[in-house]
Amino acid sequence: MTAASFLLRPLPLLSRIAAAVFGGYACCWGFVALGLAGFYAAGLPFHDAEHLSSILGVLLYLVVFCWTFAVPRVGRAWVLLLGSGALMAGIATLVQRALA
């Protein structure tokens, strides 16, 4: 696929942009939730765990955003980003319930 074909058919490019922004957000939201629960369960104070997981989440968002444009198929990016975000959020919920 050439650069000119992206301009002729904007839907694949818009799908990649949406996957990078919204799928990346979902993935990083799950990561931050899991990191916060995991670090707190490991004995780190709550606010330290919150800040550390948020900082790591921002770095992950940058990597995921760039990766979304490098992956050959945008459908794979959507599935991996949304699936990993949901999986990490689910595990974080289980960890939080175990701590309560």
# chains A, B, ... in the order shown; residues from 1 in each chain; ligands from 1

call {"tool": "residues_around", "arguments": {"residues": "Ala49 in chain A", "least_positions_apart": "6", "cutoff": "12 Å", "atoms": "only C-alpha atoms", "output": "ChimeraX atom specification"}}
result
/A:32-43,55-57

call {"tool": "select_by_dssp", "arguments": {"residues": "chain A", "states": "alpha helix (DSSP H)", "output": "ChimeraX atom specification"}}
result
/A:3-8,10-18,24-41,46-70,74-99

call {"tool": "closest_residue", "arguments": {"among": "A:Arg73, A:His51, A:Pro45, A:Cys66", "to": "Pro12 in chain A", "atoms": "only C-alpha atoms"}}
result
A:Arg73

call {"tool": "residues_around", "arguments": {"residues": "Leu59 in chain A", "least_positions_apart": "3", "cutoff": "12 Å", "atoms": "only C-alpha atoms", "output": "list of chain:residue names"}}
result
A:Gly24, A:Tyr25, A:Cys28, A:Phe31, A:Val32, A:Leu52, A:Ser53, A:Ser54, A:Ile55, A:Leu56, A:Leu62, A:Val63, A:Val64, A:Phe65, A:Cys66

call {"tool": "atom_distance", "arguments": {"atom1": "CA of Trp78 in chain A", "atom2": "CA of Val21 in chain A"}}
result
10.7 Å

call {"tool": "closest_residue", "arguments": {"among": "A:Leu13, A:Cys27, A:Thr68, A:Phe46", "to": "Leu81 in chain A", "atoms": "only C-alpha atoms"}}
result
A:Cys27

call {"tool": "closest_residue", "arguments": {"among": "A:Val74, A:Ala100, A:Met88, A:Leu80", "to": "Arg16 in chain A", "atoms": "only C-alpha atoms"}}
result
A:Val74

call {"tool": "atom_distance", "arguments": {"atom1": "CA of His47 in chain A", "atom2": "CA of Ile91 in chain A"}}
result
20.2 Å

call {"tool": "decode", "arguments": {"residues": "range 4-98 of chain A", "atoms": "C-alpha atoms", "output": "PDB file, in the first residue's frame"}}
result
ATOM      1  CA  ALA A   4      -1.115   7.892  -2.182  1.00  0.00           C
ATOM      2  CA  SER A   5      -3.552   5.042  -1.533  1.00  0.00           C
ATOM      3  CA  PHE A   6      -4.013   6.266   2.041  1.00  0.00           C
ATOM      4  CA  LEU A   7      -5.162   9.606   0.673  1.00  0.00           C
ATOM      5  CA  LEU A   8      -7.548   8.009  -1.814  1.00  0.00           C
ATOM      6  CA  ARG A   9      -9.162   5.742   0.788  1.00  0.00           C
ATOM      7  CA  PRO A  10      -9.315   7.516   4.141  1.00  0.00           C
ATOM      8  CA  LEU A  11     -11.223   4.803   6.039  1.00  0.00           C
ATOM      9  CA  PRO A  12      -8.183   2.574   6.812  1.00  0.00           C
ATOM     10  CA  LEU A  13      -6.218   5.581   8.033  1.00  0.00           C
ATOM     11  CA  LEU A  14      -9.116   6.818  10.167  1.00  0.00           C
ATOM     12  CA  SER A  15      -9.498   3.327  11.609  1.00  0.00           C
ATOM     13  CA  ARG A  16      -5.812   3.282  12.568  1.00  0.00           C
ATOM     14  CA  ILE A  17      -6.095   6.698  14.175  1.00  0.00           C
ATOM     15  CA  ALA A  18      -9.170   5.601  16.132  1.00  0.00           C
ATOM     16  CA  ALA A  19      -7.440   2.366  17.164  1.00  0.00           C
ATOM     17  CA  ALA A  20      -4.369   4.278  18.306  1.00  0.00           C
ATOM     18  CA  VAL A  21      -6.342   6.833  20.312  1.00  0.00           C
ATOM     19  CA  PHE A  22      -9.266   4.845  21.720  1.00  0.00           C
ATOM     20  CA  GLY A  23      -7.807   1.330  21.708  1.00  0.00           C
ATOM     21  CA  GLY A  24      -4.578   2.652  23.183  1.00  0.00           C
ATOM     22  CA  TYR A  25      -6.556   4.415  25.899  1.00  0.00           C
ATOM     23  CA  ALA A  26      -8.469   1.233  26.737  1.00  0.00           C
ATOM     24  CA  CYS A  27      -5.262  -0.803  26.875  1.00  0.00           C
ATOM     25  CA  CYS A  28      -3.496   1.733  29.076  1.00  0.00           C
ATOM     26  CA  TRP A  29      -6.524   2.139  31.332  1.00  0.00           C
ATOM     27  CA  GLY A  30      -6.455  -1.605  32.017  1.00  0.00           C
ATOM     28  CA  PHE A  31      -2.692  -1.485  32.521  1.00  0.00           C
ATOM     29  CA  VAL A  32      -2.910   1.372  35.037  1.00  0.00           C
ATOM     30  CA  ALA A  33      -5.721  -0.359  36.933  1.00  0.00           C
ATOM     31  CA  LEU A  34      -3.769  -3.611  37.072  1.00  0.00           C
ATOM     32  CA  GLY A  35      -0.531  -1.846  37.984  1.00  0.00           C
ATOM     33  CA  LEU A  36      -2.206   0.101  40.770  1.00  0.00           C
ATOM     34  CA  ALA A  37      -3.825  -3.010  42.224  1.00  0.00           C
ATOM     35  CA  GLY A  38      -0.647  -5.049  41.870  1.00  0.00           C
ATOM     36  CA  PHE A  39       1.702  -2.466  43.345  1.00  0.00           C
ATOM     37  CA  TYR A  40      -0.688  -1.792  46.233  1.00  0.00           C
ATOM     38  CA  ALA A  41      -1.038  -5.529  46.877  1.00  0.00           C
ATOM     39  CA  ALA A  42       2.761  -5.785  46.894  1.00  0.00           C
ATOM     40  CA  GLY A  43       2.946  -3.302  49.768  1.00  0.00           C
ATOM     41  CA  LEU A  44       3.563   0.019  48.013  1.00  0.00           C
ATOM     42  CA  PRO A  45       1.592   2.932  49.507  1.00  0.00           C
ATOM     43  CA  PHE A  46      -1.562   3.763  47.525  1.00  0.00           C
ATOM     44  CA  HIS A  47      -0.493   7.123  46.107  1.00  0.00           C
ATOM     45  CA  ASP A  48       2.962   5.847  45.189  1.00  0.00           C
ATOM     46  CA  ALA A  49       1.386   2.893  43.401  1.00  0.00           C
ATOM     47  CA  GLU A  50      -1.038   5.253  41.662  1.00  0.00           C
ATOM     48  CA  HIS A  51       1.693   7.590  40.433  1.00  0.00           C
ATOM     49  CA  LEU A  52       4.033   4.806  39.348  1.00  0.00           C
ATOM     50  CA  SER A  53       1.360   2.970  37.388  1.00  0.00           C
ATOM     51  CA  SER A  54       0.210   6.229  35.760  1.00  0.00           C
ATOM     52  CA  ILE A  55       3.747   7.123  34.679  1.00  0.00           C
ATOM     53  CA  LEU A  56       4.251   3.655  33.231  1.00  0.00           C
ATOM     54  CA  GLY A  57       0.833   3.901  31.568  1.00  0.00           C
ATOM     55  CA  VAL A  58       1.838   7.090  29.741  1.00  0.00           C
ATOM     56  CA  LEU A  59       4.969   5.380  28.442  1.00  0.00           C
ATOM     57  CA  LEU A  60       2.918   2.374  27.355  1.00  0.00           C
ATOM     58  CA  TYR A  61       0.460   4.672  25.556  1.00  0.00           C
ATOM     59  CA  LEU A  62       3.295   6.146  23.504  1.00  0.00           C
ATOM     60  CA  VAL A  63       4.529   2.686  22.507  1.00  0.00           C
ATOM     61  CA  VAL A  64       1.033   1.394  21.730  1.00  0.00           C
ATOM     62  CA  PHE A  65       0.186   4.506  19.709  1.00  0.00           C
ATOM     63  CA  CYS A  66       3.255   4.055  17.484  1.00  0.00           C
ATOM     64  CA  TRP A  67       2.766   0.279  17.239  1.00  0.00           C
ATOM     65  CA  THR A  68      -0.786   0.741  15.949  1.00  0.00           C
ATOM     66  CA  PHE A  69       0.559   2.455  12.831  1.00  0.00           C
ATOM     67  CA  ALA A  70       3.249  -0.198  12.312  1.00  0.00           C
ATOM     68  CA  VAL A  71       1.048  -3.307  12.561  1.00  0.00           C
ATOM     69  CA  PRO A  72       0.128  -4.720   9.118  1.00  0.00           C
ATOM     70  CA  ARG A  73      -3.593  -5.213   9.856  1.00  0.00           C
ATOM     71  CA  VAL A  74      -5.644  -2.680  11.749  1.00  0.00           C
ATOM     72  CA  GLY A  75      -8.109  -5.355  12.865  1.00  0.00           C
ATOM     73  CA  ARG A  76      -5.337  -7.094  14.757  1.00  0.00           C
ATOM     74  CA  ALA A  77      -4.542  -3.839  16.537  1.00  0.00           C
ATOM     75  CA  TRP A  78      -8.181  -3.349  17.567  1.00  0.00           C
ATOM     76  CA  VAL A  79      -8.469  -6.910  18.887  1.00  0.00           C
ATOM     77  CA  LEU A  80      -5.193  -6.847  20.800  1.00  0.00           C
ATOM     78  CA  LEU A  81      -5.690  -3.396  22.299  1.00  0.00           C
ATOM     79  CA  LEU A  82      -9.296  -3.845  23.388  1.00  0.00           C
ATOM     80  CA  GLY A  83      -8.764  -7.464  24.423  1.00  0.00           C
ATOM     81  CA  SER A  84      -5.688  -6.756  26.504  1.00  0.00           C
ATOM     82  CA  GLY A  85      -7.353  -3.735  28.104  1.00  0.00           C
ATOM     83  CA  ALA A  86     -10.419  -5.758  29.064  1.00  0.00           C
ATOM     84  CA  LEU A  87      -8.297  -8.643  30.342  1.00  0.00           C
ATOM     85  CA  MET A  88      -6.095  -6.405  32.490  1.00  0.00           C
ATOM     86  CA  ALA A  89      -9.113  -4.511  33.846  1.00  0.00           C
ATOM     87  CA  GLY A  90     -10.785  -7.804  34.743  1.00  0.00           C
ATOM     88  CA  ILE A  91      -7.708  -9.083  36.544  1.00  0.00           C
ATOM     89  CA  ALA A  92      -7.377  -5.740  38.354  1.00  0.00           C
ATOM     90  CA  THR A  93     -10.975  -6.061  39.534  1.00  0.00           C
ATOM     91  CA  LEU A  94     -10.251  -9.517  40.928  1.00  0.00           C
ATOM     92  CA  VAL A  95      -7.119  -8.280  42.712  1.00  0.00           C
ATOM     93  CA  GLN A  96      -9.016  -5.321  44.183  1.00  0.00           C
ATOM     94  CA  ARG A  97     -11.791  -7.585  45.450  1.00  0.00           C
ATOM     95  CA  ALA A  98      -9.207  -9.860  47.057  1.00  0.00           C
TER      96      ALA A  98
END
